[in-house]
>>> print(open('final-v4.csv').read())   # CSV, C-alpha atoms and all ligand atoms
chain,number,residue,atom,x,y,z
A,1,MET,CA,63.3,127.3,63.6
A,2,LYS,CA,64.5,130.9,63.9
A,3,TYR,CA,65.5,132.7,60.8
A,4,GLN,CA,67.6,135.8,60.6
A,5,THR,CA,65.5,138.4,59.0
A,6,ASN,CA,68.1,140.9,57.9
A,7,ARG,CA,67.0,141.4,54.3
A,8,LYS,CA,65.4,144.8,54.1
A,9,ALA,CA,62.1,145.2,52.3
A,10,LEU,CA,59.7,148.0,51.7
A,11,LEU,CA,56.1,148.7,51.0
A,12,LEU,CA,55.5,151.5,48.5
A,13,LEU,CA,52.1,153.1,48.2
A,14,ALA,CA,50.7,154.5,45.0
A,15,ASP,CA,51.0,158.0,46.5
A,16,GLY,CA,54.8,157.5,46.9
A,17,THR,CA,54.7,156.9,50.7
A,18,ILE,CA,57.2,154.2,51.8
A,19,PHE,CA,57.1,151.9,54.9
A,20,TYR,CA,60.2,149.8,55.6
A,21,GLY,CA,60.4,146.3,57.0
A,22,LYS,CA,62.1,143.0,56.5
A,23,SER,CA,61.5,140.0,54.3
A,24,VAL,CA,60.1,136.9,56.0
A,25,GLY,CA,62.4,133.9,55.6
A,26,ASN,CA,65.1,136.2,54.1
A,27,LYS,CA,63.6,135.7,50.7
A,28,GLU,CA,63.8,138.1,47.7
A,29,GLY,CA,60.5,139.0,46.2
A,30,THR,CA,58.1,141.6,44.9
A,31,ALA,CA,54.2,141.5,45.0
A,32,PHE,CA,51.5,143.9,44.0
A,33,GLY,CA,47.9,144.6,44.8
A,34,GLU,CA,45.5,146.9,46.5
A,35,VAL,CA,46.5,147.3,50.1
A,36,CYS,CA,43.9,146.6,52.7
A,37,PHE,CA,43.9,145.7,56.4
A,38,ASN,CA,42.0,143.2,58.5
A,39,THR,CA,41.5,143.9,62.2
A,40,GLY,CA,40.7,140.3,63.2
A,41,MET,CA,42.9,139.1,66.1
A,42,THR,CA,42.6,135.5,64.9
A,43,GLY,CA,41.7,133.6,61.8
A,44,TYR,CA,44.7,134.5,59.6
A,45,GLN,CA,44.7,131.3,57.6
A,46,GLU,CA,41.0,131.7,56.7
A,47,ILE,CA,41.7,135.2,55.7
A,48,PHE,CA,44.7,134.4,53.5
A,49,THR,CA,42.8,131.7,51.6
A,50,ASP,CA,39.5,133.7,51.2
A,51,PRO,CA,39.0,134.1,47.4
A,52,SER,CA,37.4,137.5,48.0
A,53,TYR,CA,40.9,138.9,48.8
A,54,PHE,CA,42.3,137.9,45.4
A,55,GLY,CA,44.5,140.8,44.1
A,56,GLN,CA,45.0,142.4,47.5
A,57,ILE,CA,48.0,142.9,49.8
A,58,MET,CA,46.9,142.1,53.3
A,59,VAL,CA,48.0,144.1,56.3
A,60,THR,CA,47.3,142.3,59.6
A,61,THR,CA,46.8,144.4,62.7
A,62,ASN,CA,47.5,141.7,65.3
A,63,ALA,CA,51.0,142.2,66.5
A,64,HIS,CA,51.8,138.5,66.0
A,65,ILE,CA,51.1,136.4,62.9
A,66,GLY,CA,51.9,132.7,62.8
A,67,ASN,CA,52.0,132.0,66.5
A,68,TYR,CA,49.3,129.3,66.4
A,69,GLY,CA,50.6,127.7,63.2
A,70,GLY,CA,48.6,126.4,60.3
A,71,ASN,CA,45.8,123.8,60.2
A,72,ASN,CA,44.4,122.3,56.9
A,73,GLU,CA,40.9,122.6,58.2
A,74,GLU,CA,41.1,126.3,58.5
A,75,THR,CA,41.4,127.1,54.9
A,76,GLU,CA,38.5,128.8,52.9
A,77,SER,CA,39.8,127.6,49.5
A,78,GLU,CA,42.6,125.3,48.3
A,79,THR,CA,45.3,128.0,47.9
A,80,VAL,CA,46.4,131.3,49.3
A,81,LYS,CA,44.5,134.0,47.5
A,82,ILE,CA,46.0,137.3,48.9
A,83,SER,CA,48.8,138.6,46.7
A,84,GLY,CA,51.1,139.6,49.5
A,85,LEU,CA,51.3,139.9,53.3
A,86,VAL,CA,52.5,142.7,55.6
A,87,CYS,CA,52.7,142.2,59.3
A,88,ARG,CA,54.4,143.5,62.5
A,89,ASN,CA,56.0,140.3,63.9
A,90,PHE,CA,56.0,137.1,62.0
A,91,SER,CA,56.2,134.1,64.4
A,92,TYR,CA,58.6,131.4,63.0
A,93,ASN,CA,57.8,129.5,66.2
A,94,TYR,CA,54.3,128.3,66.9
A,95,SER,CA,52.5,126.4,69.7
A,96,ARG,CA,49.1,124.6,69.5
A,97,ILE,CA,47.9,121.0,69.7
A,98,ARG,CA,45.9,120.9,66.5
A,99,VAL,CA,48.6,122.0,64.1
A,100,ASP,CA,49.6,120.6,60.7
A,101,GLU,CA,52.5,122.8,59.9
A,102,SER,CA,54.1,126.2,60.6
A,103,LEU,CA,52.4,129.2,58.9
A,104,GLN,CA,55.7,129.9,57.2
A,105,SER,CA,55.8,126.4,55.5
A,106,PHE,CA,52.1,126.9,54.5
A,107,LEU,CA,52.8,130.3,53.0
A,108,ASP,CA,56.0,129.0,51.3
A,109,ARG,CA,54.1,126.1,49.7
A,110,ASN,CA,51.8,128.8,48.3
A,111,ASN,CA,54.6,131.1,47.2
A,112,LEU,CA,53.4,134.0,49.2
A,113,PHE,CA,55.8,136.9,49.6
A,114,VAL,CA,55.6,138.3,53.2
A,115,ILE,CA,57.2,141.3,54.9
A,116,SER,CA,57.4,141.8,58.6
A,117,ASP,CA,58.7,144.4,61.1
A,118,VAL,CA,56.5,147.0,59.5
A,119,ASP,CA,55.0,149.7,61.7
A,120,THR,CA,51.5,148.3,60.9
A,121,ARG,CA,49.8,150.7,63.4
A,122,ALA,CA,51.1,153.7,61.4
A,123,LEU,CA,50.4,152.0,58.1
A,124,VAL,CA,46.7,151.3,59.1
A,125,SER,CA,46.2,154.8,60.3
A,126,TYR,CA,47.6,156.1,57.0
A,127,ILE,CA,45.2,153.9,55.0
A,128,ARG,CA,42.3,155.0,57.2
A,129,ASP,CA,43.1,158.6,56.5
A,130,ASN,CA,44.1,158.4,52.9
A,131,GLY,CA,42.0,155.5,51.6
A,132,ALA,CA,42.6,152.2,49.9
A,133,MET,CA,45.2,152.3,47.2
A,134,ASN,CA,47.5,150.2,45.1
A,135,ALA,CA,50.9,149.1,46.6
A,136,ILE,CA,54.0,147.1,46.0
A,137,ILE,CA,56.1,145.2,48.5
A,138,SER,CA,59.6,144.3,47.5
A,139,THR,CA,63.1,143.5,48.7
A,140,ASP,CA,64.4,145.7,45.8
A,141,VAL,CA,64.8,148.6,48.2
A,142,ASP,CA,67.4,150.4,46.2
A,143,ASN,CA,65.3,150.6,43.1
A,144,VAL,CA,62.4,152.7,44.1
A,145,ASP,CA,62.0,154.4,40.7
A,146,GLU,CA,61.7,151.1,38.9
A,147,LEU,CA,59.2,149.9,41.6
A,148,LYS,CA,57.1,153.1,41.0
A,149,LYS,CA,57.0,152.2,37.3
A,150,GLN,CA,55.8,148.7,38.0
A,151,LEU,CA,53.2,150.0,40.5
A,152,ALA,CA,51.8,152.4,37.9
A,153,GLU,CA,50.9,149.3,35.8
A,154,VAL,CA,48.8,147.6,38.5
A,155,PRO,CA,45.1,148.0,37.5
A,156,ASN,CA,42.8,150.0,39.8
A,157,MET,CA,40.3,147.9,41.8
A,158,HIS,CA,37.5,150.3,40.8
A,159,GLY,CA,36.0,148.7,37.7
A,160,LEU,CA,38.1,145.5,38.0
A,161,GLU,CA,36.4,142.2,37.3
A,162,LEU,CA,38.2,139.4,39.3
A,163,ALA,CA,35.5,136.8,40.0
A,164,SER,CA,36.3,134.9,36.7
A,165,LYS,CA,39.9,134.4,38.0
A,166,VAL,CA,38.8,132.5,41.1
A,167,SER,CA,35.6,130.8,40.0
A,168,THR,CA,35.6,127.0,39.4
A,169,LYS,CA,36.0,126.0,35.8
A,170,GLU,CA,33.7,123.0,36.1
A,171,PRO,CA,30.7,122.4,38.2
A,172,TYR,CA,31.2,120.3,41.4
A,173,TYR,CA,29.1,119.0,44.2
A,174,PHE,CA,29.3,119.5,48.0
A,175,GLY,CA,27.3,117.7,50.7
A,176,ASP,CA,25.1,114.6,50.8
A,177,GLU,CA,23.3,113.9,47.6
A,178,ASN,CA,20.3,112.6,49.6
A,179,ALA,CA,19.9,115.9,51.5
A,180,LYS,CA,16.4,117.5,51.5
A,181,TYR,CA,17.2,120.6,49.5
A,182,LYS,CA,19.2,121.1,46.3
A,183,VAL,CA,21.0,124.4,46.0
A,184,ALA,CA,22.6,125.8,42.8
A,185,ALA,CA,25.5,128.0,43.9
A,186,ILE,CA,27.0,130.5,41.5
A,187,ASP,CA,30.7,130.5,42.4
A,188,LEU,CA,32.2,134.0,42.3
A,189,GLY,CA,34.9,133.0,44.7
A,190,ILE,CA,32.9,130.9,47.2
A,191,LYS,CA,34.3,130.3,50.8
A,192,LYS,CA,34.2,126.7,52.0
A,193,ASN,CA,32.5,127.7,55.2
A,194,ILE,CA,29.4,128.8,53.3
A,195,LEU,CA,29.2,125.3,51.7
A,196,ARG,CA,29.8,123.7,55.2
A,197,ASN,CA,27.0,125.8,56.7
A,198,MET,CA,24.6,124.8,53.9
A,199,ALA,CA,25.5,121.1,54.0
A,200,LYS,CA,25.0,121.1,57.8
A,201,ARG,CA,21.4,122.3,57.1
A,202,ASP,CA,20.4,119.5,54.9
A,203,MET,CA,21.4,121.1,51.6
A,204,TYR,CA,23.1,119.4,48.7
A,205,ILE,CA,25.0,122.0,46.7
A,206,LYS,CA,26.0,122.0,43.0
A,207,VAL,CA,28.6,124.8,42.6
A,208,PHE,CA,28.5,126.3,39.1
A,209,PRO,CA,31.1,128.5,37.3
A,210,TYR,CA,30.4,132.2,37.5
A,211,ASN,CA,29.2,132.3,33.8
A,212,ALA,CA,26.8,129.3,34.0
A,213,SER,CA,23.5,130.1,32.4
A,214,TYR,CA,20.2,130.1,34.3
A,215,GLU,CA,18.9,127.4,32.0
A,216,GLU,CA,21.8,125.1,32.7
A,217,MET,CA,21.4,125.5,36.5
A,218,LYS,CA,17.6,125.2,36.3
A,219,ALA,CA,18.0,121.9,34.4
A,220,TRP,CA,19.5,120.4,37.6
A,221,ASN,CA,16.1,121.2,39.3
A,222,PRO,CA,17.3,123.1,42.4
A,223,ASP,CA,15.1,124.2,45.2
A,224,GLY,CA,17.0,127.5,45.6
A,225,PHE,CA,19.9,129.5,44.2
A,226,PHE,CA,22.9,131.1,45.9
A,227,LEU,CA,25.2,134.0,44.8
A,228,SER,CA,28.5,133.8,46.5
A,229,ASN,CA,31.1,136.2,47.9
A,230,GLY,CA,34.1,137.0,45.7
A,231,PRO,CA,36.8,139.5,44.7
A,232,GLY,CA,36.7,142.7,42.7
A,233,ASP,CA,34.1,145.2,41.6
A,234,PRO,CA,30.6,143.8,41.2
A,235,GLU,CA,29.6,146.3,38.5
A,236,PRO,CA,31.4,144.7,35.5
A,237,LEU,CA,29.8,141.3,36.2
A,238,LYS,CA,26.9,142.0,33.6
A,239,GLU,CA,26.2,138.3,32.8
A,240,VAL,CA,25.9,137.4,36.4
A,241,ILE,CA,23.6,140.4,37.1
A,242,ALA,CA,21.4,139.3,34.1
A,243,THR,CA,21.3,135.7,35.5
A,244,ALA,CA,20.2,137.0,38.9
A,245,GLN,CA,17.4,138.9,37.2
A,246,LYS,CA,16.2,135.7,35.6
A,247,ILE,CA,16.2,133.9,38.9
A,248,ILE,CA,14.3,136.8,40.5
A,249,ASN,CA,11.8,136.9,37.7
A,250,ASP,CA,11.1,133.2,38.2
A,251,ASP,CA,10.7,133.9,41.9
A,252,MET,CA,13.0,131.1,42.9
A,253,PRO,CA,14.5,131.3,46.4
A,254,LEU,CA,17.7,133.3,46.1
A,255,PHE,CA,20.3,134.1,48.8
A,256,GLY,CA,23.3,136.3,48.3
A,257,ILE,CA,26.4,137.0,50.4
A,258,CYS,CA,28.7,139.9,50.0
A,259,LEU,CA,29.6,140.1,46.3
A,260,GLY,CA,26.3,138.1,45.8
A,261,HIS,CA,24.4,140.8,47.8
A,262,GLN,CA,26.0,143.5,45.6
A,263,ILE,CA,24.9,141.6,42.4
A,264,ILE,CA,21.3,141.4,43.8
A,265,ALA,CA,21.3,145.2,44.4
A,266,LEU,CA,22.6,145.8,40.8
A,267,ALA,CA,19.9,143.4,39.5
A,268,ASN,CA,17.4,145.7,41.1
A,269,GLY,CA,18.9,148.8,39.5
A,270,ILE,CA,20.6,149.9,42.7
A,271,SER,CA,24.2,151.0,42.2
A,272,THR,CA,27.3,150.1,44.1
A,273,PHE,CA,30.3,152.3,45.0
A,274,LYS,CA,33.9,151.9,46.0
A,275,MET,CA,34.3,152.6,49.7
A,276,HIS,CA,37.1,154.8,51.2
A,277,HIS,CA,39.0,151.9,52.8
A,278,GLY,CA,36.3,149.1,53.2
A,279,HIS,CA,35.3,146.9,56.2
A,280,ARG,CA,37.6,144.0,57.0
A,281,GLY,CA,37.5,142.4,60.5
A,282,ILE,CA,35.5,140.1,62.8
A,283,ASN,CA,33.8,142.6,65.2
A,284,HIS,CA,31.6,144.8,62.9
A,285,PRO,CA,28.3,145.8,64.6
A,286,VAL,CA,25.2,145.4,62.5
A,287,LEU,CA,21.6,146.3,63.4
A,288,ASN,CA,19.0,143.8,62.3
A,289,HIS,CA,15.9,146.0,61.7
A,290,GLY,CA,13.6,143.0,61.8
A,291,SER,CA,14.6,141.8,65.3
A,292,GLY,CA,15.8,145.2,66.6
A,293,LYS,CA,18.9,143.4,67.8
A,294,GLY,CA,22.6,144.0,67.2
A,295,GLU,CA,24.8,141.4,65.6
A,296,ILE,CA,28.6,141.2,65.8
A,297,THR,CA,29.7,140.2,62.3
A,298,SER,CA,32.6,139.1,60.1
A,299,GLN,CA,33.2,141.5,57.2
A,300,ASN,CA,35.4,141.8,54.2
A,301,HIS,CA,34.3,144.2,51.5
A,302,GLY,CA,35.6,147.3,49.7
A,303,PHE,CA,32.4,148.1,47.8
A,304,ALA,CA,28.9,148.8,49.1
A,305,VAL,CA,25.4,149.3,48.0
A,306,ASN,CA,24.0,152.8,47.6
A,307,TYR,CA,21.9,153.6,50.7
A,308,ASP,CA,19.5,156.2,49.2
A,309,GLU,CA,18.8,154.2,46.1
A,310,ALA,CA,18.1,151.1,48.3
A,311,ILE,CA,15.7,152.8,50.7
A,312,ASN,CA,13.8,154.5,47.8
A,313,ASN,CA,13.4,151.4,45.7
A,314,PRO,CA,9.8,150.3,46.1
A,315,GLU,CA,10.7,146.6,45.6
A,316,ILE,CA,13.3,146.6,48.3
A,317,GLU,CA,13.4,146.6,52.1
A,318,VAL,CA,16.7,147.4,53.8
A,319,THR,CA,16.9,144.7,56.5
A,320,HIS,CA,20.3,145.4,58.2
A,321,LYS,CA,22.6,148.4,58.5
A,322,HIS,CA,26.1,148.9,59.8
A,323,LEU,CA,26.2,150.7,63.1
A,324,ASN,CA,29.6,152.4,62.6
A,325,ASP,CA,28.8,154.1,59.2
A,326,GLN,CA,25.1,153.4,58.5
A,327,THR,CA,25.9,151.5,55.3
A,328,VAL,CA,23.5,149.0,53.8
A,329,MET,CA,24.2,145.5,55.3
A,330,GLY,CA,21.2,143.5,54.2
A,331,LEU,CA,18.3,143.6,51.7
A,332,LYS,CA,15.2,141.7,50.9
A,333,MET,CA,12.8,142.0,48.0
A,334,LYS,CA,9.3,142.7,49.1
A,335,ASN,CA,7.5,140.7,46.4
A,336,LYS,CA,10.1,138.1,45.5
A,337,ASN,CA,11.8,135.2,47.4
A,338,CYS,CA,15.2,137.0,47.5
A,339,PHE,CA,17.4,138.2,50.3
A,340,SER,CA,21.1,139.1,50.9
A,341,VAL,CA,23.7,140.4,53.3
A,342,GLN,CA,26.8,142.4,52.8
A,343,TYR,CA,28.6,140.6,55.7
A,344,HIS,CA,29.6,137.0,56.3
A,345,PRO,CA,27.1,134.9,58.3
A,346,GLU,CA,29.4,131.9,57.7
A,347,ALA,CA,32.1,133.6,59.7
A,348,GLY,CA,35.3,131.6,59.0
A,349,PRO,CA,36.8,133.5,60.7
A,350,GLY,CA,34.5,135.4,63.1
A,351,PRO,CA,31.4,135.2,65.3
A,352,ASN,CA,28.4,133.1,64.6
A,353,ASP,CA,25.7,135.7,65.5
A,354,ALA,CA,24.2,135.6,62.0
A,355,THR,CA,24.1,131.9,61.1
A,356,TYR,CA,20.2,132.2,61.4
A,357,LEU,CA,20.4,133.6,57.8
A,358,PHE,CA,21.1,130.0,56.5
A,359,ASP,CA,18.1,128.8,58.5
A,360,GLU,CA,16.0,131.6,56.8
A,361,PHE,CA,17.2,130.2,53.4
A,362,VAL,CA,16.0,126.7,54.4
A,363,ASP,CA,12.6,128.2,55.5
A,364,ARG,CA,12.2,130.0,52.2
A,365,MET,CA,12.9,126.8,50.3
A,366,SER,CA,10.6,124.7,52.5
A,367,GLN,CA,7.7,127.1,52.0
A,368,VAL,CA,8.1,126.9,48.2
A,369,SER,CA,8.3,123.1,48.2
A,370,VAL,CA,5.2,122.4,50.3
B,401,LIG,N1,33.8,139.3,50.4
B,401,LIG,C1,33.2,139.8,49.2
B,401,LIG,O1,32.4,139.1,48.6
B,401,LIG,C2,33.7,141.1,48.7
B,401,LIG,C3,32.9,141.7,47.7
B,401,LIG,C4,33.6,142.7,46.8
B,401,LIG,N2,34.7,142.2,46.2
B,401,LIG,C5,34.0,143.9,47.7
B,401,LIG,O2,35.1,144.1,48.0
B,401,LIG,O3,33.2,144.6,48.2
>>> encode(input="final-v4.csv", output="structure tokens", more="lines below")
Ligand SMILES: NC(=O)CC[C@H](N)C(=O)O
Amino acid sequence: MKYQTNRKALLLLADGTIFYGKSVGNKEGTAFGEVCFNTGMTGYQEIFTDPSYFGQIMVTTNAHIGNYGGNNEETESETVKISGLVCRNFSYNYSRIRVDESLQSFLDRNNLFVISDVDTRALVSYIRDNGAMNAIISTDVDNVDELKKQLAEVPNMHGLELASKVSTKEPYYFGDENAKYKVAAIDLGIKKNILRNMAKRDMYIKVFPYNASYEEMKAWNPDGFFLSNGPGDPEPLKEVIATAQKIINDDMPLFGICLGHQIIALANGISTFKMHHGHRGINHPVLNHGSGKGEITSQNHGFAVNYDEAINNPEIEVTHKHLNDQTVMGLKMKNKNCFSVQYHPEAGPGPNDATYLFDEFVDRMSQVSV
């Protein structure tokens, strides 16, 4: 089905810069968030449903979005989590054998406002030069002053707590209850592919709300704990940081990914900071100091762990670093059973170079239980 996309739309950045485009499906709409870009050439449905992107307007750098349709197995949570989408060409037509519906129908069901025909190369260069900032996308193109007022009300990502908005309200289980290891996962916005990777390695997971107490989780008698990925600034998550400290003090096996990694750093007194424009893509090069090898990794983060504080902390070993900008990509505690990475070993989307980290988690749990 081919739509006429004549309805004009715009993207207004917080510094007043405007990029013009058209509304996908000829819809009227307005959406807000911090603008960010993902350089992955595939994996759009996984990206749009990744809870870590909650509150963000996504700019995709592939010239075509939607051309391989939508597939229900390629979602990382039940609903679309980005707040808006900006792309170059939106494909109303799609072609693929394993397809459940068009991307347009998937996004419509999720009420996502999308604009296309934007010069995304110029936009991405602009964000790279000027940094991440809030933005609004809208078809209300003749009312820029009003849009500016609305945009001024959008909260700044720095200092913003968002994990509580995407975390499960009630605990739930994932995997086979007869599996060898029981893992208590703290849901800050957990991606399904993390759960799939754990279940595949003989783990039965109980996923707890972000504010579950250590005592409540411990009562289930888990072999290990997991701190998930998630949206927003890690720093305001004081309760979760305190829970991580309790898990560490008890020397229970603890694995953290992305936001979970940042929480583990904060639990060790290492600060985090807001990056200029973050890392979002599926080809980020990381050096594993332990093996001396490089890994190509999937990344999605706008905050990072302070490098100097991490390397000078006597309890901490920096295990991985980013080869583009030397930022901290992995940590382990020297005297506790705790390790974490800033990137996404579960991929979804992305390469599988780093799935060995799930095996390391199994090893750590097996050494404790013998
Ligand atoms: N994927 C994530 O867990 C992201 C962590 C955090 N919200 C950040 O932007 O850095």
>>> residues_around(input="final-v4.csv", residues="Thr49 (chain A)", least_positions_apart="4", cutoff="9 Å", atoms="only C-alpha atoms", output="list in words")
Tyr44, Gln45, Tyr53, Phe54, Glu74, Thr75, Glu76, Ser77, Glu78, Thr79, Val80, Lys81, Ile82 and Lys191 of chain A
>>> closest_residue(input="final-v4.csv", among="A:Leu151, A:Ile263, A:Met333, A:Leu254", to="Glu34 (chain A)", atoms="only C-alpha atoms")
A:Leu151
>>> residues_near_point(input="final-v4.csv", point="(24.9, 138.1, 47.7)", cutoff="10 Å", atoms="all atoms listed in the file", output="list in words")
Leu188, Phe226, Leu227, Ser228, Asn229, Gly230, Leu254, Phe255, Gly256, Ile257, Cys258, Leu259, Gly260, His261, Gln262, Ile263, Ile264, Ala265, Gly330, Leu331, Cys338, Phe339, Ser340, Val341, Gln342, Tyr343 and His344 of chain A
>>> atom_distance(input="final-v4.csv", atom1="CA of Gln299 (chain A)", atom2="CA of Glu153 (chain A)")
28.8 Å
>>> closest_residue(input="final-v4.csv", among="A:Gly350, A:Gly175, A:Pro345, A:Gly302", to="Ala132 (chain A)", atoms="all atoms listed in the file")
A:Gly302
>>> residues_near_point(input="final-v4.csv", point="(19.6, 150.5, 56.2)", cutoff="10 Å", atoms="all atoms listed in the file", output="JSON, numbers by chain")
{"A": [286, 287, 288, 289, 306, 307, 308, 310, 311, 317, 318, 319, 320, 321, 322, 323, 326, 327, 328, 329, 330, 331]}
>>> residues_around(input="final-v4.csv", residues="Ser167 (chain A)", least_positions_apart="4", cutoff="7 Å", atoms="all atoms listed in the file", output="PDB file with C-alpha atoms, in the frame of the given file")
ATOM      1  CA  ALA A 163      35.500 136.800  40.000  1.00  0.00           C
ATOM      2  CA  ASP A 187      30.700 130.500  42.400  1.00  0.00           C
ATOM      3  CA  LEU A 188      32.200 134.000  42.300  1.00  0.00           C
ATOM      4  CA  GLY A 189      34.900 133.000  44.700  1.00  0.00           C
ATOM      5  CA  PRO A 209      31.100 128.500  37.300  1.00  0.00           C
ATOM      6  CA  TYR A 210      30.400 132.200  37.500  1.00  0.00           C
TER       7      TYR A 210
END
>>> closest_residue(input="final-v4.csv", among="A:Gly55, A:Lys336, A:Thr120, A:Thr60", to="ligand LIG 401 (chain B)", atoms="all atoms listed in the file")
A:Gly55
>>> closest_residue(input="final-v4.csv", among="A:Asp363, A:Asp50, A:Asp202, A:Asp129", to="His301 (chain A)", atoms="all atoms listed in the file")
A:Asp50
>>> decode(input="final-v4.csv", residues="region 300-321 of chain A", atoms="N, CA and C atoms", output="compact mmCIF listing (two decimals), in the first residue's frame")
# COMPACT_ATOMS: atom_id res chain seq x y z
N ASN A 300 24.08 0.96 23.34
CA ASN A 300 22.99 1.92 23.46
C ASN A 300 23.09 2.58 24.81
N HIS A 301 23.87 3.63 24.91
CA HIS A 301 23.92 4.35 26.18
C HIS A 301 24.28 5.80 25.97
N GLY A 302 23.75 6.64 26.88
CA GLY A 302 24.01 8.08 26.82
C GLY A 302 24.77 8.55 28.05
N PHE A 303 24.98 7.62 29.00
CA PHE A 303 25.78 7.90 30.19
C PHE A 303 26.95 6.92 30.20
N ALA A 304 27.98 7.24 30.96
CA ALA A 304 29.12 6.31 31.08
C ALA A 304 29.76 6.48 32.45
N VAL A 305 30.64 5.54 32.75
CA VAL A 305 31.30 5.47 34.06
C VAL A 305 32.61 6.27 33.99
N ASN A 306 32.91 7.01 35.04
CA ASN A 306 34.13 7.82 35.09
C ASN A 306 35.39 6.94 35.04
N TYR A 307 36.21 7.14 34.02
CA TYR A 307 37.36 6.28 33.78
C TYR A 307 38.42 6.39 34.89
N ASP A 308 38.78 7.64 35.25
CA ASP A 308 39.85 7.83 36.25
C ASP A 308 39.45 7.25 37.60
N GLU A 309 38.19 7.49 37.97
CA GLU A 309 37.73 6.95 39.26
C GLU A 309 37.72 5.42 39.23
N ALA A 310 37.38 4.85 38.08
CA ALA A 310 37.33 3.38 37.99
C ALA A 310 38.74 2.78 38.08
N ILE A 311 39.71 3.37 37.34
CA ILE A 311 41.04 2.73 37.38
C ILE A 311 41.76 2.98 38.70
N ASN A 312 41.37 4.03 39.43
CA ASN A 312 42.02 4.32 40.71
C ASN A 312 41.32 3.69 41.91
N ASN A 313 40.23 2.98 41.66
CA ASN A 313 39.50 2.35 42.76
C ASN A 313 40.16 1.00 43.08
N PRO A 314 40.66 0.81 44.31
CA PRO A 314 41.41 -0.42 44.61
C PRO A 314 40.58 -1.70 44.53
N GLU A 315 39.25 -1.55 44.62
CA GLU A 315 38.38 -2.74 44.56
C GLU A 315 38.08 -3.18 43.12
N ILE A 316 38.42 -2.30 42.16
CA ILE A 316 37.89 -2.48 40.79
C ILE A 316 38.99 -2.78 39.78
N GLU A 317 38.65 -3.66 38.83
CA GLU A 317 39.51 -3.85 37.65
C GLU A 317 38.69 -3.45 36.42
N VAL A 318 39.27 -2.58 35.60
CA VAL A 318 38.59 -2.24 34.34
C VAL A 318 38.90 -3.36 33.35
N THR A 319 37.88 -4.10 32.92
CA THR A 319 38.10 -5.29 32.09
C THR A 319 37.99 -5.03 30.59
N HIS A 320 37.24 -3.98 30.22
CA HIS A 320 37.01 -3.68 28.80
C HIS A 320 37.04 -2.17 28.58
N LYS A 321 37.53 -1.76 27.40
CA LYS A 321 37.42 -0.33 27.07
C LYS A 321 37.00 -0.16 25.61
